[in-house]
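A.B. asks: This structure is in structure tokens; I'll ask about it shortly.
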Amino acid sequence: MKINFQETTKDLQVRIDIHNQFGGKNIDAWMLDLLKLEKGTKILDVACGAGKQIISFYEALDGECKITGGDVSQELLDQARVETAKRNMKSVEIIELDFNKPFPIEDNQFDLVSCCFAIYYAQDIPFTIKEIHRVLKPGGRLFTTGPMPENKKLFYDVIREATNNKPIPPMPGSSRYNFEIRQTIEKLFTKNEVNVFVNPLTFSNAAPFLAYTRASLSEDRKLWKEFFSGEDDFETVMAKIGKAAEKRAQQDGQLVMEKVVGGFVATK
Ligand SMILES: C[S@@+](CC[C@H](N)C(=O)[O-])C[C@H]1O[C@@H](n2cnc3c(N)ncnc32)[C@H](O)[C@@H]1O
């Protein structure tokens with residue numbers, strides 16, 4: 001399945017900042033608690049983006065680890081290089097890696113392969129998961145995160161209300177993560193643990209909810225392209241979403257959008 005998707009540094013950072021500011025819980029703390037990493041671990045972070053998970057792993061292990069981060073976006077790779085250099089992170093290598101192609105890595109190399117909020121953009125899920133499996137050492141673990149079907153109910157409810165139930169394009173994350181991706185992992189790996197992280201983002205007014213919505217629906221990301229008939233339509237729809245969100249915020253005193261994220265930990 002060809003998925004038209006591109007992440008930009010700006011849209012990704014806006015969403016990360018909103019989670020940090022309005023989320024009740026910290027997803028990286030949850031991830032580290034699940035994984036209980038040991039010093040000396042060799043990690044590959046597939047679709048590393050601007051390096052969020054790389055930084056968490058590295059800091060949790062006081063730098064006593066070897067981490068390779070790979071992504072297809074040059075813009076995000078540059079950002080990951082800047083962020084890791086700023087923190088003087090030695091033993092981190094950032095490489096170009098397209099998960100739709102054979103990884104430029106030999107077999108049986110890593111104790112952990114992580115792939116956070118990205119695997120559902122793969123064209124051929126079994127291919128990408130086989131590549132991850134191939135580069136893991138025997139007994140090594142895969143950690144992935146992605147949206148569960150109940151994720152962000154408020155976000156979709158407000159968009160539906162604002163657009164008189166205009167059909168929402170199928171989102172690769174919620175349509176694939178707990179189904180095709182989970183099944184493929186469970187076929188190939190010896191075991192898979194399914195964990196769920198629920199994080200309410202609480203907004204006292206509509207503004208940050210709208211900023212989040214804009215960074216999700218943004219034309220640059222291409223995912224929602226077919227929902228709009230051009231730039232003017234994008235702004236018209238955003239204005240309607242703004243009105244619907246404000247009405248709800250006034251009625252309820254706040255807006256609560258629950259992130260419901262699956263974290264699969266699979267062992268080779
Ligand atoms: C939502 S971001 C997540 C980034 C990072 N893991 C995080 O949680 O901040 C999705 C990432 O998938 C990457 N991506 C999309 N298609 C890819 C591909 N074919 N190969 C490698 N990475 C890809 C994007 O460039 C982007 O960095």
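Naming scheme: A, B, ... for chains in displayed order of the structure tokens; residues 1 onward per chain; ligands 1 onward as shown.
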Step by step, measure atom-to-atom distances between ligand 1 and each residue using only C-alpha atoms and all ligand atoms, keep those at most 6 Å, then write them as a VMD selection string.

C.D. replies: chain A and resid 7 47 to 49 52 71 to 73 97 to 100 116 to 118 121

A.B. asks: Just asking: which residues within range 47-264 of chain A are alpha helix (DSSP H) according to DSSP, as JSON, numbers by chain?

C.D. replies: {"A": [52, 53, 54, 55, 56, 57, 58, 59, 60, 74, 75, 76, 77, 78, 79, 80, 81, 82, 83, 84, 85, 86, 125, 126, 127, 128, 129, 130, 131, 132, 133, 134, 135, 153, 154, 155, 156, 157, 158, 159, 160, 161, 162, 172, 173, 174, 175, 176, 182, 183, 184, 185, 186, 187, 188, 206, 207, 208, 209, 210, 211, 212, 213, 214, 215, 216, 217, 231, 232, 233, 234, 235, 236, 237, 238, 239, 240, 241, 242, 243, 244, 245, 246, 247, 248, 249, 250, 251, 252]}

A.B. asks: Can you spit out the residues from that selection as a PDB file, in the first residue's frame, using C-alpha atoms?

C.D. replies:
```pdb
ATOM      1  CA  LYS A  52      13.122  12.150  20.673  1.00  0.00           C
ATOM      2  CA  GLN A  53      13.474   8.474  21.640  1.00  0.00           C
ATOM      3  CA  ILE A  54      17.245   8.421  20.996  1.00  0.00           C
ATOM      4  CA  ILE A  55      17.701  11.208  23.556  1.00  0.00           C
ATOM      5  CA  SER A  56      15.503   9.413  26.127  1.00  0.00           C
ATOM      6  CA  PHE A  57      17.380   6.100  25.727  1.00  0.00           C
ATOM      7  CA  TYR A  58      20.779   7.783  25.867  1.00  0.00           C
ATOM      8  CA  GLU A  59      19.993   9.834  28.966  1.00  0.00           C
ATOM      9  CA  ALA A  60      18.388   6.882  30.777  1.00  0.00           C
ATOM     10  CA  GLN A  74      16.746  14.681   5.363  1.00  0.00           C
ATOM     11  CA  GLU A  75      15.179  17.570   7.278  1.00  0.00           C
ATOM     12  CA  LEU A  76      14.534  15.410  10.341  1.00  0.00           C
ATOM     13  CA  LEU A  77      17.935  13.673  10.077  1.00  0.00           C
ATOM     14  CA  ASP A  78      19.610  17.094  10.143  1.00  0.00           C
ATOM     15  CA  GLN A  79      17.538  18.026  13.188  1.00  0.00           C
ATOM     16  CA  ALA A  80      18.455  14.738  14.937  1.00  0.00           C
ATOM     17  CA  ARG A  81      22.161  15.460  14.242  1.00  0.00           C
ATOM     18  CA  VAL A  82      21.810  18.970  15.707  1.00  0.00           C
ATOM     19  CA  GLU A  83      19.965  17.726  18.816  1.00  0.00           C
ATOM     20  CA  THR A  84      22.418  14.895  19.547  1.00  0.00           C
ATOM     21  CA  ALA A  85      25.483  17.125  18.927  1.00  0.00           C
ATOM     22  CA  LYS A  86      24.024  19.826  21.204  1.00  0.00           C
ATOM     23  CA  ILE A 125       4.248  -4.140   6.709  1.00  0.00           C
ATOM     24  CA  PRO A 126       5.569  -7.765   6.558  1.00  0.00           C
ATOM     25  CA  PHE A 127       8.642  -6.551   4.639  1.00  0.00           C
ATOM     26  CA  THR A 128       9.512  -3.851   7.195  1.00  0.00           C
ATOM     27  CA  ILE A 129       8.885  -6.111  10.179  1.00  0.00           C
ATOM     28  CA  LYS A 130      11.053  -8.848   8.623  1.00  0.00           C
ATOM     29  CA  GLU A 131      13.861  -6.322   8.180  1.00  0.00           C
ATOM     30  CA  ILE A 132      13.560  -5.321  11.853  1.00  0.00           C
ATOM     31  CA  HIS A 133      13.544  -9.009  12.867  1.00  0.00           C
ATOM     32  CA  ARG A 134      16.592  -9.717  10.683  1.00  0.00           C
ATOM     33  CA  VAL A 135      18.775  -7.018  12.284  1.00  0.00           C
ATOM     34  CA  LYS A 153     -11.881  10.539  20.014  1.00  0.00           C
ATOM     35  CA  LEU A 154     -12.454  14.254  20.689  1.00  0.00           C
ATOM     36  CA  PHE A 155     -10.299  15.250  17.694  1.00  0.00           C
ATOM     37  CA  TYR A 156     -12.385  13.170  15.277  1.00  0.00           C
ATOM     38  CA  ASP A 157     -15.702  14.132  16.951  1.00  0.00           C
ATOM     39  CA  VAL A 158     -14.969  17.863  16.580  1.00  0.00           C
ATOM     40  CA  ILE A 159     -13.882  17.473  12.941  1.00  0.00           C
ATOM     41  CA  ARG A 160     -17.040  15.487  12.133  1.00  0.00           C
ATOM     42  CA  GLU A 161     -19.260  18.020  13.898  1.00  0.00           C
ATOM     43  CA  ALA A 162     -17.575  20.965  12.121  1.00  0.00           C
ATOM     44  CA  PRO A 172      -2.881   4.496   8.448  1.00  0.00           C
ATOM     45  CA  GLY A 173      -2.150   4.496  12.194  1.00  0.00           C
ATOM     46  CA  SER A 174      -5.515   3.674  13.688  1.00  0.00           C
ATOM     47  CA  SER A 175      -6.536   1.419  10.786  1.00  0.00           C
ATOM     48  CA  ARG A 176      -3.348  -0.705  10.784  1.00  0.00           C
ATOM     49  CA  ARG A 182       0.135  -6.590  15.596  1.00  0.00           C
ATOM     50  CA  GLN A 183      -0.726  -9.784  13.680  1.00  0.00           C
ATOM     51  CA  THR A 184       2.448  -9.630  11.587  1.00  0.00           C
ATOM     52  CA  ILE A 185       4.603  -9.158  14.697  1.00  0.00           C
ATOM     53  CA  GLU A 186       2.853 -12.043  16.459  1.00  0.00           C
ATOM     54  CA  LYS A 187       3.507 -14.380  13.505  1.00  0.00           C
ATOM     55  CA  LEU A 188       7.201 -13.634  13.276  1.00  0.00           C
ATOM     56  CA  ALA A 206      -9.710  25.861  22.195  1.00  0.00           C
ATOM     57  CA  ALA A 207      -6.414  27.499  21.111  1.00  0.00           C
ATOM     58  CA  PRO A 208      -3.940  24.653  21.843  1.00  0.00           C
ATOM     59  CA  PHE A 209      -6.416  22.064  20.557  1.00  0.00           C
ATOM     60  CA  LEU A 210      -6.561  24.045  17.308  1.00  0.00           C
ATOM     61  CA  ALA A 211      -2.768  24.289  17.111  1.00  0.00           C
ATOM     62  CA  TYR A 212      -2.620  20.500  17.504  1.00  0.00           C
ATOM     63  CA  THR A 213      -5.300  20.036  14.836  1.00  0.00           C
ATOM     64  CA  ARG A 214      -3.493  22.348  12.404  1.00  0.00           C
ATOM     65  CA  ALA A 215      -0.204  20.448  12.895  1.00  0.00           C
ATOM     66  CA  SER A 216      -2.027  17.136  12.260  1.00  0.00           C
ATOM     67  CA  LEU A 217      -4.078  18.227   9.234  1.00  0.00           C
ATOM     68  CA  GLU A 231      -5.552  26.074   0.586  1.00  0.00           C
ATOM     69  CA  ASP A 232      -8.637  28.290   0.911  1.00  0.00           C
ATOM     70  CA  ASP A 233     -10.782  25.309   1.780  1.00  0.00           C
ATOM     71  CA  PHE A 234      -8.209  24.274   4.404  1.00  0.00           C
ATOM     72  CA  GLU A 235      -8.589  27.647   6.143  1.00  0.00           C
ATOM     73  CA  THR A 236     -12.399  27.558   5.848  1.00  0.00           C
ATOM     74  CA  VAL A 237     -12.542  24.105   7.445  1.00  0.00           C
ATOM     75  CA  MET A 238     -10.062  25.131  10.155  1.00  0.00           C
ATOM     76  CA  ALA A 239     -12.319  28.111  11.006  1.00  0.00           C
ATOM     77  CA  LYS A 240     -15.309  25.756  11.355  1.00  0.00           C
ATOM     78  CA  ILE A 241     -13.283  23.386  13.531  1.00  0.00           C
ATOM     79  CA  GLY A 242     -12.285  26.388  15.640  1.00  0.00           C
ATOM     80  CA  LYS A 243     -15.939  27.345  16.189  1.00  0.00           C
ATOM     81  CA  ALA A 244     -16.976  23.789  17.073  1.00  0.00           C
ATOM     82  CA  ALA A 245     -14.052  23.453  19.509  1.00  0.00           C
ATOM     83  CA  GLU A 246     -14.815  26.803  21.171  1.00  0.00           C
ATOM     84  CA  LYS A 247     -18.462  25.847  21.624  1.00  0.00           C
ATOM     85  CA  ARG A 248     -17.474  22.611  23.328  1.00  0.00           C
ATOM     86  CA  ALA A 249     -14.868  24.331  25.516  1.00  0.00           C
ATOM     87  CA  GLN A 250     -17.489  26.849  26.681  1.00  0.00           C
ATOM     88  CA  GLN A 251     -20.067  24.142  27.341  1.00  0.00           C
ATOM     89  CA  ASP A 252     -17.734  21.796  29.245  1.00  0.00           C
TER      90      ASP A 252
END
```

A.B. asks: Would you please give, as an MDAnalysis selection string, all residues of range 136-258 of chain A that DSSP assigns to strand (DSSP E or B) based on the backbone?

C.D. replies: chainID A and resid 136:147 191:203 255:258

A.B. asks: Would you put the residues from that selection into a file with N, CA and C atoms, as a CSV table (one decimal), in the first residue's frame?

C.D. replies:
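The file below, selection-v5.csv, is the result:
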```csv
chain,number,residue,atom,x,y,z
A,136,LEU,N,17.8,-7.8,14.4
A,136,LEU,CA,17.8,-8.0,15.9
A,136,LEU,C,18.7,-9.2,16.2
A,137,LYS,N,19.4,-9.2,17.3
A,137,LYS,CA,20.1,-10.4,17.8
A,137,LYS,C,19.0,-11.4,18.2
A,138,PRO,N,19.3,-12.7,18.2
A,138,PRO,CA,18.4,-13.7,18.8
A,138,PRO,C,18.1,-13.3,20.3
A,139,GLY,N,16.9,-13.3,20.7
A,139,GLY,CA,16.5,-12.8,22.0
A,139,GLY,C,16.3,-11.3,22.1
A,140,GLY,N,16.7,-10.6,21.1
A,140,GLY,CA,16.6,-9.1,21.0
A,140,GLY,C,15.1,-8.7,21.0
A,141,ARG,N,14.8,-7.4,21.3
A,141,ARG,CA,13.4,-7.0,21.3
A,141,ARG,C,13.1,-5.9,20.4
A,142,LEU,N,11.9,-5.9,19.9
A,142,LEU,CA,11.3,-4.9,19.1
A,142,LEU,C,10.3,-4.1,20.0
A,143,PHE,N,10.5,-2.7,20.0
A,143,PHE,CA,9.5,-1.9,20.7
A,143,PHE,C,8.8,-1.0,19.7
A,144,THR,N,7.5,-1.1,19.5
A,144,THR,CA,6.8,-0.1,18.6
A,144,THR,C,5.7,0.6,19.4
A,145,THR,N,5.4,1.8,18.9
A,145,THR,CA,4.2,2.5,19.4
A,145,THR,C,3.3,2.9,18.3
A,146,GLY,N,2.0,3.0,18.5
A,146,GLY,CA,1.1,3.5,17.5
A,146,GLY,C,-0.3,3.7,18.1
A,147,PRO,N,-1.1,4.4,17.4
A,147,PRO,CA,-2.5,4.6,18.0
A,147,PRO,C,-3.4,3.4,18.0
A,191,LYS,N,7.4,-14.0,21.1
A,191,LYS,CA,6.3,-13.5,22.0
A,191,LYS,C,6.1,-12.0,21.8
A,192,ASN,N,4.9,-11.5,22.1
A,192,ASN,CA,4.6,-10.1,22.0
A,192,ASN,C,3.8,-9.7,23.2
A,193,GLU,N,4.2,-8.6,23.9
A,193,GLU,CA,3.4,-8.1,25.0
A,193,GLU,C,2.8,-6.8,24.5
A,194,VAL,N,1.4,-6.7,24.8
A,194,VAL,CA,0.7,-5.6,24.4
A,194,VAL,C,0.4,-4.7,25.6
A,195,ASN,N,1.0,-3.5,25.5
A,195,ASN,CA,0.8,-2.5,26.6
A,195,ASN,C,0.0,-1.3,26.1
A,196,VAL,N,-0.8,-0.7,27.0
A,196,VAL,CA,-1.6,0.5,26.5
A,196,VAL,C,-1.3,1.7,27.4
A,197,PHE,N,-1.0,2.8,26.8
A,197,PHE,CA,-0.7,4.1,27.5
A,197,PHE,C,-1.9,5.0,27.2
A,198,VAL,N,-2.5,5.5,28.3
A,198,VAL,CA,-3.6,6.5,28.1
A,198,VAL,C,-3.2,7.8,28.7
A,199,ASN,N,-3.2,8.8,27.9
A,199,ASN,CA,-2.7,10.1,28.3
A,199,ASN,C,-3.8,11.2,28.0
A,200,PRO,N,-4.5,11.7,29.0
A,200,PRO,CA,-5.4,12.8,28.6
A,200,PRO,C,-4.7,14.1,28.4
A,201,LEU,N,-4.9,14.8,27.3
A,201,LEU,CA,-4.4,16.1,27.1
A,201,LEU,C,-5.6,17.1,27.4
A,202,THR,N,-5.4,17.9,28.4
A,202,THR,CA,-6.5,18.8,28.9
A,202,THR,C,-6.2,20.2,28.5
A,203,PHE,N,-7.1,20.8,27.8
A,203,PHE,CA,-7.0,22.2,27.3
A,203,PHE,C,-8.0,23.0,27.9
A,255,LEU,N,-11.4,21.1,27.2
A,255,LEU,CA,-11.5,20.1,26.2
A,255,LEU,C,-10.5,19.0,26.7
A,256,VAL,N,-10.9,17.8,26.7
A,256,VAL,CA,-10.0,16.7,27.0
A,256,VAL,C,-9.9,15.7,25.9
A,257,MET,N,-8.7,15.6,25.3
A,257,MET,CA,-8.5,14.7,24.2
A,257,MET,C,-7.6,13.5,24.7
A,258,GLU,N,-8.1,12.3,24.7
A,258,GLU,CA,-7.3,11.2,25.3
A,258,GLU,C,-6.5,10.5,24.2
```

A.B. asks: Can you tell me, as a PDB file with N, CA and C atoms, in the first residue's frame, what residues are no more than 9 Å from Leu61 in chain A when counting only C-alpha atoms, ignoring any on the same chain fewer than 6 positions away?

C.D. replies:
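After the write, selection_8.pdb holds the following:
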```
ATOM      1  N   LEU A  37      15.927  -1.002  30.250  1.00  0.00           N
ATOM      2  CA  LEU A  37      17.153  -1.196  29.463  1.00  0.00           C
ATOM      3  C   LEU A  37      18.375  -1.380  30.360  1.00  0.00           C
ATOM      4  N   GLU A  38      19.313  -2.161  29.866  1.00  0.00           N
ATOM      5  CA  GLU A  38      20.563  -2.338  30.619  1.00  0.00           C
ATOM      6  C   GLU A  38      21.689  -1.580  29.942  1.00  0.00           C
ATOM      7  N   LYS A  39      22.622  -1.105  30.762  1.00  0.00           N
ATOM      8  CA  LYS A  39      23.769  -0.388  30.180  1.00  0.00           C
ATOM      9  C   LYS A  39      24.512  -1.296  29.208  1.00  0.00           C
ATOM     10  N   GLY A  40      25.062  -0.720  28.152  1.00  0.00           N
ATOM     11  CA  GLY A  40      25.769  -1.516  27.145  1.00  0.00           C
ATOM     12  C   GLY A  40      24.875  -1.960  25.998  1.00  0.00           C
ATOM     13  N   THR A  41      23.583  -1.642  26.100  1.00  0.00           N
ATOM     14  CA  THR A  41      22.614  -2.060  25.076  1.00  0.00           C
ATOM     15  C   THR A  41      22.913  -1.412  23.717  1.00  0.00           C
TER      16      THR A  41
END
```

A.B. asks: What is the distance, in Å and to one decimal place, between CA of Pro104 in chain A and CA of Tyr120 in chain A?

C.D. replies: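 So the answer is 20.6 Å.
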
A.B. asks: Find the residues near Asn4 in chain A: any atom within 12 Å, counting only C-alpha atoms, skip ones fewer than 4 places away on the same chain, and give them as a list in words.

C.D. replies: Tyr120, Tyr121, Ala122, Gln123, Pro169, Pro170, Met171, Pro172, Glu219, Asp220, Arg221, Lys222, Leu223, Trp224, Lys225 and Glu226 of chain A

A.B. asks: Work out how far apart CA of Glu106 in chain A and CA of Gly263 in chain A are and give it in Å to one decimal.

C.D. replies: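 Here the two named atoms are 26.0 Å from each other.
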
A.B. asks: Could you state the separation of CA of Val92 in chain A and CA of Thr68 in chain A in Å, given to one decimal place?

C.D. replies: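 Going from CA of Val92 in chain A over to CA of Thr68 in chain A, I get 5.7 Å.
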
A.B. asks: Taking into account only C-alpha atoms, which residue in the set A:Lys268, A:Arg87, A:Lys2, A:Lys259 is nearest to Asp124 in chain A?

C.D. replies: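 Closest residue, counting only C-alpha atoms: A:Lys2.
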